[in-house]
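Next comes entry_32.txt, a file with compact mmCIF, N, CA, C and O atoms.
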```txt
# COMPACT_ATOMS: atom_id res chain seq x y z
N MET A 805 0.83 -1.20 0.00
CA MET A 805 0.00 0.00 0.00
C MET A 805 0.87 1.26 0.00
O MET A 805 0.50 2.24 -0.61
N GLU A 806 1.98 1.18 0.72
CA GLU A 806 2.85 2.35 0.81
C GLU A 806 3.29 2.82 -0.59
O GLU A 806 3.29 4.01 -0.88
N GLU A 807 3.65 1.85 -1.43
CA GLU A 807 4.09 2.19 -2.80
C GLU A 807 2.96 2.84 -3.60
O GLU A 807 3.19 3.79 -4.35
N ILE A 808 1.77 2.31 -3.45
CA ILE A 808 0.61 2.86 -4.17
C ILE A 808 0.35 4.29 -3.72
O ILE A 808 0.20 5.19 -4.55
N PHE A 809 0.32 4.51 -2.41
CA PHE A 809 0.06 5.86 -1.90
C PHE A 809 1.14 6.84 -2.35
O PHE A 809 0.85 7.97 -2.73
N GLN A 810 2.39 6.40 -2.32
CA GLN A 810 3.46 7.29 -2.73
C GLN A 810 3.37 7.62 -4.22
O GLN A 810 3.56 8.77 -4.62
N ARG A 811 3.08 6.62 -5.04
CA ARG A 811 2.94 6.85 -6.48
C ARG A 811 1.79 7.82 -6.77
O ARG A 811 1.93 8.75 -7.57
N LEU A 812 0.67 7.64 -6.10
CA LEU A 812 -0.48 8.53 -6.30
C LEU A 812 -0.16 9.93 -5.79
O LEU A 812 -0.55 10.93 -6.41
N ALA A 813 0.52 10.03 -4.66
CA ALA A 813 0.91 11.34 -4.13
C ALA A 813 1.84 12.05 -5.10
O ALA A 813 1.70 13.26 -5.33
N ASP A 814 2.76 11.33 -5.70
CA ASP A 814 3.66 11.92 -6.70
C ASP A 814 2.87 12.43 -7.90
O ASP A 814 3.14 13.52 -8.42
N GLN A 815 1.88 11.65 -8.34
CA GLN A 815 1.03 12.08 -9.47
C GLN A 815 0.28 13.36 -9.12
O GLN A 815 0.21 14.28 -9.94
N LEU A 816 -0.29 13.39 -7.93
CA LEU A 816 -1.04 14.57 -7.51
C LEU A 816 -0.12 15.78 -7.37
O LEU A 816 -0.46 16.88 -7.80
N TYR A 817 1.05 15.58 -6.82
CA TYR A 817 2.02 16.66 -6.65
C TYR A 817 2.41 17.25 -8.01
O TYR A 817 2.54 18.47 -8.15
N GLU A 818 2.57 16.40 -9.02
CA GLU A 818 2.87 16.88 -10.37
C GLU A 818 1.71 17.69 -10.95
O GLU A 818 1.93 18.66 -11.66
N LYS A 819 0.49 17.27 -10.66
CA LYS A 819 -0.70 17.98 -11.16
C LYS A 819 -0.94 19.30 -10.45
O LYS A 819 -1.55 20.21 -11.00
N ASN A 820 -0.52 19.38 -9.18
CA ASN A 820 -0.85 20.54 -8.37
C ASN A 820 0.35 21.01 -7.56
O ASN A 820 0.53 20.61 -6.41
N PRO A 821 1.16 21.88 -8.14
CA PRO A 821 2.32 22.38 -7.42
C PRO A 821 1.98 23.29 -6.23
O PRO A 821 2.87 23.66 -5.47
N SER A 822 0.70 23.63 -6.06
CA SER A 822 0.29 24.40 -4.89
C SER A 822 0.34 23.56 -3.62
O SER A 822 0.30 24.09 -2.52
N LEU A 823 0.39 22.24 -3.78
CA LEU A 823 0.45 21.33 -2.64
C LEU A 823 1.88 20.92 -2.38
O LEU A 823 2.67 20.77 -3.32
N SER A 824 2.21 20.71 -1.13
CA SER A 824 3.49 20.07 -0.81
C SER A 824 3.32 18.57 -1.05
O SER A 824 2.19 18.08 -1.16
N ILE A 825 4.40 17.85 -1.08
CA ILE A 825 4.30 16.40 -1.26
C ILE A 825 3.58 15.76 -0.08
O ILE A 825 2.82 14.81 -0.26
N ASP A 826 3.75 16.31 1.12
CA ASP A 826 3.03 15.79 2.30
C ASP A 826 1.53 16.05 2.19
O ASP A 826 0.73 15.19 2.54
N GLU A 827 1.16 17.22 1.69
CA GLU A 827 -0.26 17.51 1.50
C GLU A 827 -0.84 16.62 0.41
O GLU A 827 -1.98 16.14 0.55
N ALA A 828 -0.08 16.38 -0.64
CA ALA A 828 -0.55 15.48 -1.71
C ALA A 828 -0.78 14.08 -1.14
O ALA A 828 -1.78 13.44 -1.45
N ARG A 829 0.12 13.62 -0.30
CA ARG A 829 -0.02 12.31 0.31
C ARG A 829 -1.27 12.26 1.19
O ARG A 829 -2.04 11.29 1.17
N THR A 830 -1.50 13.31 1.96
CA THR A 830 -2.69 13.38 2.80
C THR A 830 -3.95 13.34 1.96
O THR A 830 -4.90 12.62 2.27
N TRP A 831 -3.97 14.10 0.86
CA TRP A 831 -5.12 14.08 -0.04
C TRP A 831 -5.37 12.68 -0.58
O TRP A 831 -6.51 12.23 -0.64
N VAL A 832 -4.32 11.99 -0.98
CA VAL A 832 -4.47 10.63 -1.50
C VAL A 832 -5.10 9.73 -0.45
O VAL A 832 -6.05 8.99 -0.74
N GLU A 833 -4.61 9.81 0.77
CA GLU A 833 -5.17 8.98 1.84
C GLU A 833 -6.63 9.33 2.11
O GLU A 833 -7.46 8.43 2.33
N LEU A 834 -6.97 10.62 2.10
CA LEU A 834 -8.36 11.03 2.33
C LEU A 834 -9.27 10.56 1.21
O LEU A 834 -10.38 10.07 1.46
N LEU A 835 -8.84 10.73 -0.03
CA LEU A 835 -9.65 10.29 -1.17
C LEU A 835 -9.84 8.78 -1.15
O LEU A 835 -10.94 8.28 -1.42
N TRP A 836 -8.78 8.06 -0.85
CA TRP A 836 -8.83 6.61 -0.79
C TRP A 836 -9.86 6.16 0.25
O TRP A 836 -10.74 5.36 -0.02
N GLU A 837 -9.71 6.71 1.44
CA GLU A 837 -10.62 6.34 2.53
C GLU A 837 -12.06 6.74 2.22
O GLU A 837 -12.99 5.97 2.46
N ASP A 838 -12.25 7.93 1.69
CA ASP A 838 -13.59 8.40 1.33
C ASP A 838 -14.27 7.46 0.36
O ASP A 838 -15.44 7.12 0.53
N PHE A 839 -13.54 7.05 -0.67
CA PHE A 839 -14.13 6.16 -1.66
C PHE A 839 -14.51 4.82 -1.04
O PHE A 839 -15.63 4.34 -1.24
N GLU A 840 -13.60 4.24 -0.28
CA GLU A 840 -13.89 2.92 0.29
C GLU A 840 -15.03 2.96 1.30
O GLU A 840 -15.88 2.08 1.33
N VAL A 841 -15.06 4.00 2.12
CA VAL A 841 -16.12 4.12 3.13
C VAL A 841 -17.47 4.36 2.46
O VAL A 841 -18.48 3.73 2.82
N THR A 842 -17.51 5.26 1.51
CA THR A 842 -18.76 5.56 0.81
C THR A 842 -19.30 4.33 0.10
O THR A 842 -20.50 4.04 0.14
N ARG A 843 -18.43 3.60 -0.54
CA ARG A 843 -18.83 2.38 -1.25
C ARG A 843 -19.37 1.34 -0.28
O ARG A 843 -20.38 0.68 -0.54
N ALA A 844 -18.71 1.19 0.87
CA ALA A 844 -19.17 0.22 1.86
C ALA A 844 -20.52 0.62 2.44
O ALA A 844 -21.42 -0.22 2.60
N LYS A 845 -20.69 1.91 2.73
CA LYS A 845 -21.97 2.39 3.26
C LYS A 845 -23.11 2.18 2.27
O LYS A 845 -24.26 2.00 2.67
N ALA A 846 -22.78 2.20 0.99
CA ALA A 846 -23.79 2.00 -0.05
C ALA A 846 -24.10 0.51 -0.24
O ALA A 846 -24.98 0.16 -1.02
N GLY A 847 -23.38 -0.34 0.49
CA GLY A 847 -23.67 -1.77 0.45
C GLY A 847 -22.96 -2.54 -0.65
O GLY A 847 -23.28 -3.69 -0.91
N HIS A 848 -21.97 -1.91 -1.29
CA HIS A 848 -21.23 -2.60 -2.34
C HIS A 848 -20.17 -3.51 -1.73
O HIS A 848 -19.58 -3.20 -0.71
N GLU A 849 -19.94 -4.65 -2.40
CA GLU A 849 -18.88 -5.54 -1.96
C GLU A 849 -17.53 -4.90 -2.23
O GLU A 849 -17.37 -4.15 -3.19
N TYR A 850 -16.57 -5.25 -1.39
CA TYR A 850 -15.20 -4.76 -1.58
C TYR A 850 -14.64 -5.36 -2.85
O TYR A 850 -14.69 -6.57 -3.04
N GLN A 851 -14.12 -4.52 -3.73
CA GLN A 851 -13.62 -4.99 -5.02
C GLN A 851 -12.10 -4.96 -5.11
O GLN A 851 -11.55 -5.16 -6.18
N GLY A 852 -11.45 -4.65 -4.02
CA GLY A 852 -10.00 -4.67 -4.00
C GLY A 852 -9.38 -3.30 -4.18
O GLY A 852 -10.02 -2.35 -4.62
N LYS A 853 -8.10 -3.24 -3.85
CA LYS A 853 -7.40 -1.97 -3.91
C LYS A 853 -7.18 -1.49 -5.34
O LYS A 853 -6.97 -0.31 -5.57
N GLN A 854 -7.23 -2.41 -6.32
CA GLN A 854 -7.05 -2.00 -7.70
C GLN A 854 -8.16 -1.04 -8.15
O GLN A 854 -7.90 -0.05 -8.82
N LEU A 855 -9.40 -1.32 -7.76
CA LEU A 855 -10.51 -0.44 -8.12
C LEU A 855 -10.35 0.91 -7.43
O LEU A 855 -10.52 1.97 -8.07
N THR A 856 -10.01 0.88 -6.16
CA THR A 856 -9.83 2.14 -5.44
C THR A 856 -8.70 2.95 -6.05
O THR A 856 -8.84 4.17 -6.25
N GLU A 857 -7.61 2.31 -6.40
CA GLU A 857 -6.50 3.02 -7.04
C GLU A 857 -6.93 3.63 -8.37
O GLU A 857 -6.58 4.77 -8.68
N GLN A 858 -7.71 2.90 -9.12
CA GLN A 858 -8.21 3.40 -10.41
C GLN A 858 -9.07 4.65 -10.21
O GLN A 858 -8.92 5.64 -10.93
N ILE A 859 -9.96 4.62 -9.24
CA ILE A 859 -10.85 5.75 -8.98
C ILE A 859 -10.06 6.96 -8.48
O ILE A 859 -10.25 8.08 -8.95
N VAL A 860 -9.16 6.75 -7.54
CA VAL A 860 -8.36 7.85 -7.01
C VAL A 860 -7.50 8.45 -8.13
O VAL A 860 -7.37 9.67 -8.23
N THR A 861 -6.96 7.62 -9.00
CA THR A 861 -6.19 8.11 -10.15
C THR A 861 -7.07 8.98 -11.05
O THR A 861 -6.64 10.06 -11.50
N GLN A 862 -8.29 8.54 -11.30
CA GLN A 862 -9.22 9.35 -12.11
C GLN A 862 -9.50 10.69 -11.45
O GLN A 862 -9.50 11.73 -12.11
N TRP A 863 -9.72 10.68 -10.15
CA TRP A 863 -9.97 11.94 -9.43
C TRP A 863 -8.77 12.87 -9.50
O TRP A 863 -8.91 14.07 -9.67
N ILE A 864 -7.57 12.29 -9.36
CA ILE A 864 -6.36 13.10 -9.46
C ILE A 864 -6.28 13.74 -10.85
O ILE A 864 -5.99 14.93 -10.98
N ASN A 865 -6.54 12.95 -11.88
CA ASN A 865 -6.46 13.46 -13.24
C ASN A 865 -7.50 14.53 -13.53
O ASN A 865 -7.23 15.50 -14.23
N HIS A 866 -8.69 14.37 -12.97
CA HIS A 866 -9.77 15.33 -13.24
C HIS A 866 -9.75 16.54 -12.31
O HIS A 866 -10.05 17.65 -12.73
N TYR A 867 -9.46 16.33 -11.04
CA TYR A 867 -9.62 17.38 -10.05
C TYR A 867 -8.32 17.79 -9.34
O TYR A 867 -8.32 18.74 -8.55
N GLY A 868 -7.25 17.08 -9.59
CA GLY A 868 -6.01 17.28 -8.85
C GLY A 868 -5.49 18.70 -8.87
O GLY A 868 -5.01 19.20 -7.86
N ALA A 869 -5.58 19.36 -10.00
CA ALA A 869 -5.03 20.71 -10.12
C ALA A 869 -5.78 21.73 -9.26
O ALA A 869 -5.26 22.80 -8.97
N LYS A 870 -6.99 21.38 -8.82
CA LYS A 870 -7.80 22.33 -8.07
C LYS A 870 -8.12 21.88 -6.64
O LYS A 870 -8.91 22.52 -5.96
N LEU A 871 -7.54 20.79 -6.19
CA LEU A 871 -7.86 20.28 -4.86
C LEU A 871 -7.56 21.28 -3.75
O LEU A 871 -8.29 21.36 -2.77
N HIS A 872 -6.52 22.06 -3.90
CA HIS A 872 -6.19 23.05 -2.87
C HIS A 872 -7.30 24.08 -2.72
O HIS A 872 -7.54 24.59 -1.64
N GLU A 873 -8.03 24.37 -3.80
CA GLU A 873 -9.16 25.30 -3.72
C GLU A 873 -10.33 24.68 -2.97
O GLU A 873 -11.02 25.35 -2.21
N PHE A 874 -10.54 23.39 -3.15
CA PHE A 874 -11.63 22.69 -2.47
C PHE A 874 -11.42 22.71 -0.97
O PHE A 874 -12.34 22.98 -0.21
N SER A 875 -10.21 22.44 -0.53
CA SER A 875 -9.97 22.39 0.92
C SER A 875 -10.16 23.75 1.57
O SER A 875 -10.57 23.84 2.72
N ALA A 876 -9.87 24.82 0.84
CA ALA A 876 -10.05 26.16 1.40
C ALA A 876 -11.52 26.45 1.68
O ALA A 876 -11.84 27.22 2.58
N ASN A 877 -12.41 25.82 0.93
CA ASN A 877 -13.85 26.07 1.07
C ASN A 877 -14.57 24.98 1.86
O ASN A 877 -15.78 25.05 2.02
N ASN A 878 -13.87 23.97 2.30
CA ASN A 878 -14.50 22.86 3.00
C ASN A 878 -13.79 22.65 4.34
O ASN A 878 -12.71 22.07 4.38
N PRO A 879 -14.40 23.10 5.43
CA PRO A 879 -13.76 23.03 6.75
C PRO A 879 -13.34 21.62 7.15
O PRO A 879 -12.31 21.45 7.80
N LYS A 880 -14.11 20.60 6.78
CA LYS A 880 -13.76 19.23 7.15
C LYS A 880 -12.39 18.86 6.61
O LYS A 880 -11.53 18.37 7.33
N TYR A 881 -12.17 19.09 5.33
CA TYR A 881 -10.90 18.73 4.72
C TYR A 881 -9.78 19.68 5.14
O TYR A 881 -8.65 19.26 5.33
N LYS A 882 -10.11 20.93 5.28
CA LYS A 882 -9.09 21.90 5.71
C LYS A 882 -8.54 21.50 7.07
O LYS A 882 -7.32 21.50 7.29
N ASP A 883 -9.42 21.11 7.99
CA ASP A 883 -9.00 20.68 9.32
C ASP A 883 -8.15 19.42 9.25
O ASP A 883 -7.11 19.32 9.89
N MET A 884 -8.56 18.46 8.44
CA MET A 884 -7.79 17.21 8.31
C MET A 884 -6.41 17.47 7.74
O MET A 884 -5.42 16.89 8.19
N LEU A 885 -6.33 18.33 6.76
CA LEU A 885 -5.04 18.63 6.14
C LEU A 885 -4.13 19.38 7.11
O LEU A 885 -2.93 19.15 7.16
N THR A 886 -4.71 20.27 7.88
CA THR A 886 -3.93 21.03 8.85
C THR A 886 -3.39 20.12 9.94
O THR A 886 -2.24 20.21 10.33
N ARG A 887 -4.22 19.21 10.43
CA ARG A 887 -3.81 18.29 11.50
C ARG A 887 -2.74 17.33 11.05
O ARG A 887 -1.89 16.93 11.82
N LYS A 888 -2.77 16.91 9.78
CA LYS A 888 -1.84 15.89 9.31
C LYS A 888 -0.51 16.47 8.86
O LYS A 888 0.40 15.73 8.55
N ARG A 889 -0.36 17.76 8.82
CA ARG A 889 0.91 18.35 8.40
C ARG A 889 2.00 18.01 9.39
O ARG A 889 1.79 18.01 10.60
N PRO A 890 3.20 17.73 8.90
CA PRO A 890 4.31 17.45 9.82
C PRO A 890 4.70 18.69 10.61
O PRO A 890 4.43 19.82 10.18
N LEU A 891 5.34 18.50 11.73
CA LEU A 891 5.66 19.60 12.63
C LEU A 891 6.99 20.28 12.31
O LEU A 891 7.46 21.09 13.06
N ASN A 892 7.66 19.96 11.19
CA ASN A 892 8.96 20.57 10.89
C ASN A 892 8.83 22.03 10.67
O ASN A 892 8.12 22.64 10.13
```
Structure translated into structure tokens:
Amino acid sequence: MEEIFQRLADQLYEKNPSLSIDEARTWVELLWEDFEVTRAKAGHEYQGKQLTEQIVTQWINHYGAKLHEFSANNPKYKDMLTRKRPLN
């Protein structure tokens, strides 16, 4: 999983230079979790990490360049991103 998250974070970072690599990684983890939780709540069977990776990749390609704008307008994500930032 670590390799998948890092690869997706690198893709997002390339799409959106407004994000740090740590913020890109946090976004990947949030998107991943959101997709899996939403799908489970809807009663769908787990289809494996390949499907989740495919969906997160699509979201990165479609929305990645503007994700930093979304977090500014959405307190839930803004708070999560702020909390997950490293303390350096």
Skipping near chain neighbours, those fewer than 4 positions away, what residues fall within 8 Å of A:Tyr817 using all atoms listed in the file, listed as a list in words? Gln810, Arg811, Leu812, Ala813, Pro821, Ser822, Leu823, Ser824, Ile825, Asp826, Glu827, Ala828, Arg829 and Gly868 of chain A
Write out as a list in words each polymer residue whose atoms come within 9 Å of A:Asn820, counting only C-alpha atoms; drop sequence neighbours fewer than 5 positions from it.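 Surrounding residues, per the criterion: Gln815, Ala828, Gly868, Ala869, Lys870, Leu871 and His872 of chain A.
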Atom-to-atom span, atom CA of A:Asn865 and atom CA of A:Leu816, Å: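 These atoms are spaced 8.0 Å apart.
Take atom N of A:Glu806 and atom CA of A:Glu857: the distance between them is 11.6 Å.
Distance annotation: of A:Met805, A:Thr830, A:Lys819, A:Arg843, the residue with the minimal separation from A:Thr861 is A:Lys819; atom set is only C-alpha atoms.
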Could you please determine the separation between atom N of A:Glu873 and atom N of A:Gln858 in Å, to one decimal place?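 Computing the Euclidean distance for atom N of A:Glu873 and atom N of A:Gln858 yields 22.1 Å.
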What would stretch 834-845 of chain A look like with all heavy atoms in place, written as a CSV table (one decimal), keeping the file's coordinate frame?
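Okay, part-v9.csv is ready:
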```
chain,number,residue,atom,x,y,z
A,834,LEU,N,-7.0,10.6,2.1
A,834,LEU,CA,-8.4,11.0,2.3
A,834,LEU,C,-9.3,10.6,1.2
A,834,LEU,O,-10.4,10.1,1.5
A,834,LEU,CB,-8.4,12.6,2.5
A,834,LEU,CG,-7.8,13.2,3.7
A,834,LEU,CD1,-7.8,14.7,3.6
A,834,LEU,CD2,-8.6,12.7,5.0
A,835,LEU,N,-8.8,10.7,0.0
A,835,LEU,CA,-9.6,10.3,-1.2
A,835,LEU,C,-9.8,8.8,-1.2
A,835,LEU,O,-10.9,8.3,-1.4
A,835,LEU,CB,-9.0,10.7,-2.5
A,835,LEU,CG,-9.0,12.2,-2.7
A,835,LEU,CD1,-8.1,12.5,-4.0
A,835,LEU,CD2,-10.4,12.8,-2.9
A,836,TRP,N,-8.8,8.1,-0.8
A,836,TRP,CA,-8.8,6.6,-0.8
A,836,TRP,C,-9.9,6.2,0.2
A,836,TRP,O,-10.7,5.4,0.0
A,836,TRP,CB,-7.4,6.1,-0.4
A,836,TRP,CG,-7.3,4.6,-0.5
A,836,TRP,CD1,-7.7,3.7,0.4
A,836,TRP,CD2,-6.6,3.9,-1.6
A,836,TRP,NE1,-7.4,2.4,0.0
A,836,TRP,CE2,-6.7,2.5,-1.2
A,836,TRP,CE3,-6.0,4.2,-2.7
A,836,TRP,CZ2,-6.2,1.5,-2.0
A,836,TRP,CZ3,-5.4,3.2,-3.5
A,836,TRP,CH2,-5.5,1.9,-3.2
A,837,GLU,N,-9.7,6.7,1.4
A,837,GLU,CA,-10.6,6.3,2.5
A,837,GLU,C,-12.1,6.7,2.2
A,837,GLU,O,-13.0,6.0,2.5
A,837,GLU,CB,-10.2,7.0,3.8
A,837,GLU,CG,-11.0,6.6,5.0
A,837,GLU,CD,-10.5,7.3,6.3
A,837,GLU,OE1,-9.3,7.6,6.4
A,837,GLU,OE2,-11.3,7.4,7.2
A,838,ASP,N,-12.2,7.9,1.7
A,838,ASP,CA,-13.6,8.4,1.3
A,838,ASP,C,-14.3,7.5,0.4
A,838,ASP,O,-15.4,7.1,0.5
A,838,ASP,CB,-13.5,9.8,0.7
A,838,ASP,CG,-14.2,10.9,1.5
A,838,ASP,OD1,-14.6,10.6,2.6
A,838,ASP,OD2,-14.5,11.9,0.9
A,839,PHE,N,-13.5,7.0,-0.7
A,839,PHE,CA,-14.1,6.2,-1.7
A,839,PHE,C,-14.5,4.8,-1.0
A,839,PHE,O,-15.6,4.3,-1.2
A,839,PHE,CB,-13.2,5.9,-2.8
A,839,PHE,CG,-13.7,4.9,-3.8
A,839,PHE,CD1,-14.7,5.3,-4.7
A,839,PHE,CD2,-13.2,3.7,-3.9
A,839,PHE,CE1,-15.2,4.4,-5.6
A,839,PHE,CE2,-13.7,2.7,-4.8
A,839,PHE,CZ,-14.7,3.1,-5.7
A,840,GLU,N,-13.6,4.2,-0.3
A,840,GLU,CA,-13.9,2.9,0.3
A,840,GLU,C,-15.0,3.0,1.3
A,840,GLU,O,-15.9,2.1,1.3
A,840,GLU,CB,-12.6,2.3,0.9
A,840,GLU,CG,-11.6,1.9,-0.2
A,840,GLU,CD,-10.6,1.0,0.3
A,840,GLU,OE1,-10.2,1.0,1.5
A,840,GLU,OE2,-10.0,0.3,-0.6
A,841,VAL,N,-15.1,4.0,2.1
A,841,VAL,CA,-16.1,4.1,3.1
A,841,VAL,C,-17.5,4.4,2.5
A,841,VAL,O,-18.5,3.7,2.8
A,841,VAL,CB,-15.8,5.2,4.1
A,841,VAL,CG1,-17.0,5.6,5.0
A,841,VAL,CG2,-14.6,4.8,5.0
A,842,THR,N,-17.5,5.3,1.5
A,842,THR,CA,-18.8,5.6,0.8
A,842,THR,C,-19.3,4.3,0.1
A,842,THR,O,-20.5,4.0,0.1
A,842,THR,CB,-18.6,6.7,-0.2
A,842,THR,OG1,-18.1,7.9,0.5
A,842,THR,CG2,-19.8,7.1,-0.9
A,843,ARG,N,-18.4,3.6,-0.5
A,843,ARG,CA,-18.8,2.4,-1.2
A,843,ARG,C,-19.4,1.3,-0.3
A,843,ARG,O,-20.4,0.7,-0.5
A,843,ARG,CB,-17.6,1.8,-2.0
A,843,ARG,CG,-18.0,1.2,-3.2
A,843,ARG,CD,-16.8,0.9,-4.1
A,843,ARG,NE,-17.0,-0.4,-4.7
A,843,ARG,CZ,-17.8,-0.6,-5.7
A,843,ARG,NH1,-18.5,0.4,-6.2
A,843,ARG,NH2,-17.9,-1.8,-6.3
A,844,ALA,N,-18.7,1.2,0.9
A,844,ALA,CA,-19.2,0.2,1.9
A,844,ALA,C,-20.5,0.6,2.4
A,844,ALA,O,-21.4,-0.2,2.6
A,844,ALA,CB,-18.1,0.1,3.0
A,845,LYS,N,-20.7,1.9,2.7
A,845,LYS,CA,-22.0,2.4,3.3
A,845,LYS,C,-23.1,2.2,2.3
A,845,LYS,O,-24.3,2.0,2.7
A,845,LYS,CB,-21.9,3.9,3.6
A,845,LYS,CG,-21.1,4.1,4.9
A,845,LYS,CD,-21.1,5.6,5.2
A,845,LYS,CE,-20.4,5.9,6.5
A,845,LYS,NZ,-20.4,7.4,6.8
```
